[in-house]
Each structure stands twice: as structure tokens, then as C-alpha cells.
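Chemist: Got a structure for you, written out below as C-alpha cells; questions coming shortly.
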Amino acid sequence: MSDLLRRQAALAKTEARYRGRALDFREVDCLRMLRAHLVAMGHKGLAPLPRYATPEGALRALRRTGHETLESLLDTLLPRIAPAAMLPGDVALMEAAGALEAVTLCVGHKVWGWHADNGLAEPVFIVPKQIKAAYRA
């Protein structure tokens, strides 16, 4: 299977799992979506995610792993690339509300993830205005 077909299949699997699901931090958030997507992409040996129920709990869990930001965590998991070099299925890190960061998935010229303008009701396609960092999945 070619790399682009593998990426398309992984994106379809991730989208089927998360489409229509509201962001709630107990079971559905960008980090859980990222882990499921990386597993679908064939990454092995990913540690299970800790339990948390709020954005603050997610930050505490992240800090317990020795990382202060999602960016530092992603830097240890995936190779960093230029945002212009992203392929479908690659990972884009974007600024979120407050001091938070959000993980989104590249789906071509847009990214897919939760956005506050949507009321966080479900993941949406977003035209990225500023990508903080990009990673090859």
C-alpha cells in the first residue's frame, strides 16, 4: 500500500471514531484523537494515556510525564517538519484558548480538530491561520 493510501485509511478510521463527538476531556479530546490516529498510522509502543477530566487535569497529567507543553511531548514522539511540507495525516500543533495548545490533523489544505468557534460540538475542518509546529506522523 502506498504511503498516501495508508494515510488516507488512517484518517478515515480516526474520523469515523471522532466525527460528531463533542470535546469533553474524559473520553474525547485532541490528545486521545492523536493517539488513536498514530496507532492507525502504525506507530507502536505508545504509552496509554492517563485519566483526566478537565483541561487543567490534562496539563497536570502532561507535567507528570516530564513535559511542560504538548510541543515538548510531540518533539519526543514525532519528527518536526515545516508546516508547508505537511501531508494528509500529519500533525499540526496550534494555539488554543489561554495557555493551551491543540493538536489537529492535516487533511490537505485544512486541518481537522475541535475549534471554539464551533462550540466544540464536534471536530471540524479548520483553515489554519497559524501553525505553531508540524510533525510527520
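In the C-alpha cells, the first chain shown is A, the next is B, and so on; residue numbers restart at 1 for each chain, and ligands run from 1 in the order shown.
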Name the residues in contact with Thr14 (chain A) at a cut-off of 7 Å, using only C-alpha atoms, excluding same-chain residues fewer than 3 positions from it; report them as an MDAnalysis selection string.
Modeler: chainID A and resid 10:11 17:18 36:37
Chemist: Just the residues within 10 Å of Gly20 (chain A), please, counting only C-alpha atoms, with nothing from its chain fewer than 5 positions along; format it as an NGL selection string.
Modeler: :A and (15 or 121-124)
Chemist: Go ahead and save the picked residues with C-alpha atoms, as a short mmCIF file (atom, residue, chain, number, x, y, z; two decimals), in the first residue's frame.
Modeler:
data_model
loop_
_atom_site.label_atom_id
_atom_site.label_comp_id
_atom_site.auth_asym_id
_atom_site.auth_seq_id
_atom_site.Cartn_x
_atom_site.Cartn_y
_atom_site.Cartn_z
CA GLU A 15 -12.58 10.45 11.52
CA ALA A 121 -19.60 20.30 19.47
CA GLU A 122 -17.56 18.09 17.14
CA PRO A 123 -14.29 18.16 15.23
CA VAL A 124 -14.40 20.48 12.23
#
Chemist: Compile the contact shell of Arg7 (chain A) as a list of chain:residue names: residues with an atom at most 10 Å away, counting only C-alpha atoms, same-chain residues fewer than 5 positions apart removed.
Modeler: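 So, after excluding close chain neighbours, the residues are A:Met1, A:Ser2, A:Ala12, A:Lys13, A:His37, A:Ala40, A:Met41, A:Gly42, A:Leu87, A:Pro88, A:Gly89, A:Asp90, A:Val107, A:Ala137.
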Chemist: Using Å and a single decimal, report how far CA of Leu77 (chain A) sits from CA of Arg35 (chain A).
Modeler: 10.7 Å
Chemist: Restricting the calculation to only C-alpha atoms, which member of A:Ala58, A:Ile131, A:Leu105, A:Ala9 is positioned closest to Leu70 (chain A)?
Modeler: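 Among the listed residues, A:Ala58 lies closest to Leu70 (chain A).
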Chemist: Any idea what the distance is between CA of Lys110 (chain A) and CA of Asp75 (chain A)?
Modeler: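 Between CA of Lys110 (chain A) and CA of Asp75 (chain A) the gap works out to 21.9 Å.
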Chemist: Could you please write out, as a PyMOL selection string, every residue of region 1-126 of chain A that DSSP assigns to helix (DSSP H, G or I)?
Modeler: chain A and resi 3-18+30-40+55-64+70-77+83-85+116-118
Chemist: Counting only C-alpha atoms, what is within 9 Å of Arg51 (chain A), bar same-chain residues fewer than 4 positions away, as a PyMOL selection string?
Modeler: chain A and resi 26-27+57-58+61
Chemist: Could you check how far CA of Gln130 (chain A) sits from CA of Leu49 (chain A), in Å to one decimal?
Modeler: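 Separating CA of Gln130 (chain A) from CA of Leu49 (chain A) is a distance of 27.3 Å.
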Chemist: Do you know which residues are at most 9 Å from region 133-135 of chain A counting only C-alpha atoms, after dropping those on the same chain fewer than 5 positions away, and could you put them as a list of chain:residue names?
Modeler: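 Listed by chain and then number, they are A:Glu71, A:Leu74, A:Asp75, A:Leu78, A:Pro79, A:Arg80, A:Ile81, A:Ala82, A:Pro83, A:Ala84, A:Ala85, A:Met86, A:Asp90, A:Val91, A:Ala92, A:Leu93, A:Met94.
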Chemist: Which residue out of A:Asp3, A:His115, A:Lys132, A:Val103 has the minimum interatomic distance to Cys30 (chain A) when only C-alpha atoms are used?
Modeler: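 Ranked by minimum distance to Cys30 (chain A), first place goes to A:Val103.
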Chemist: Among chain A, which residues does DSSP mark as strand (DSSP E or B) when it is run on the backbone? Keep the chain and numbering as in the structure and answer as a PyMOL selection string.
Modeler: chain A and resi 80-81+91-95+101-106+111-113+124-126+131-135
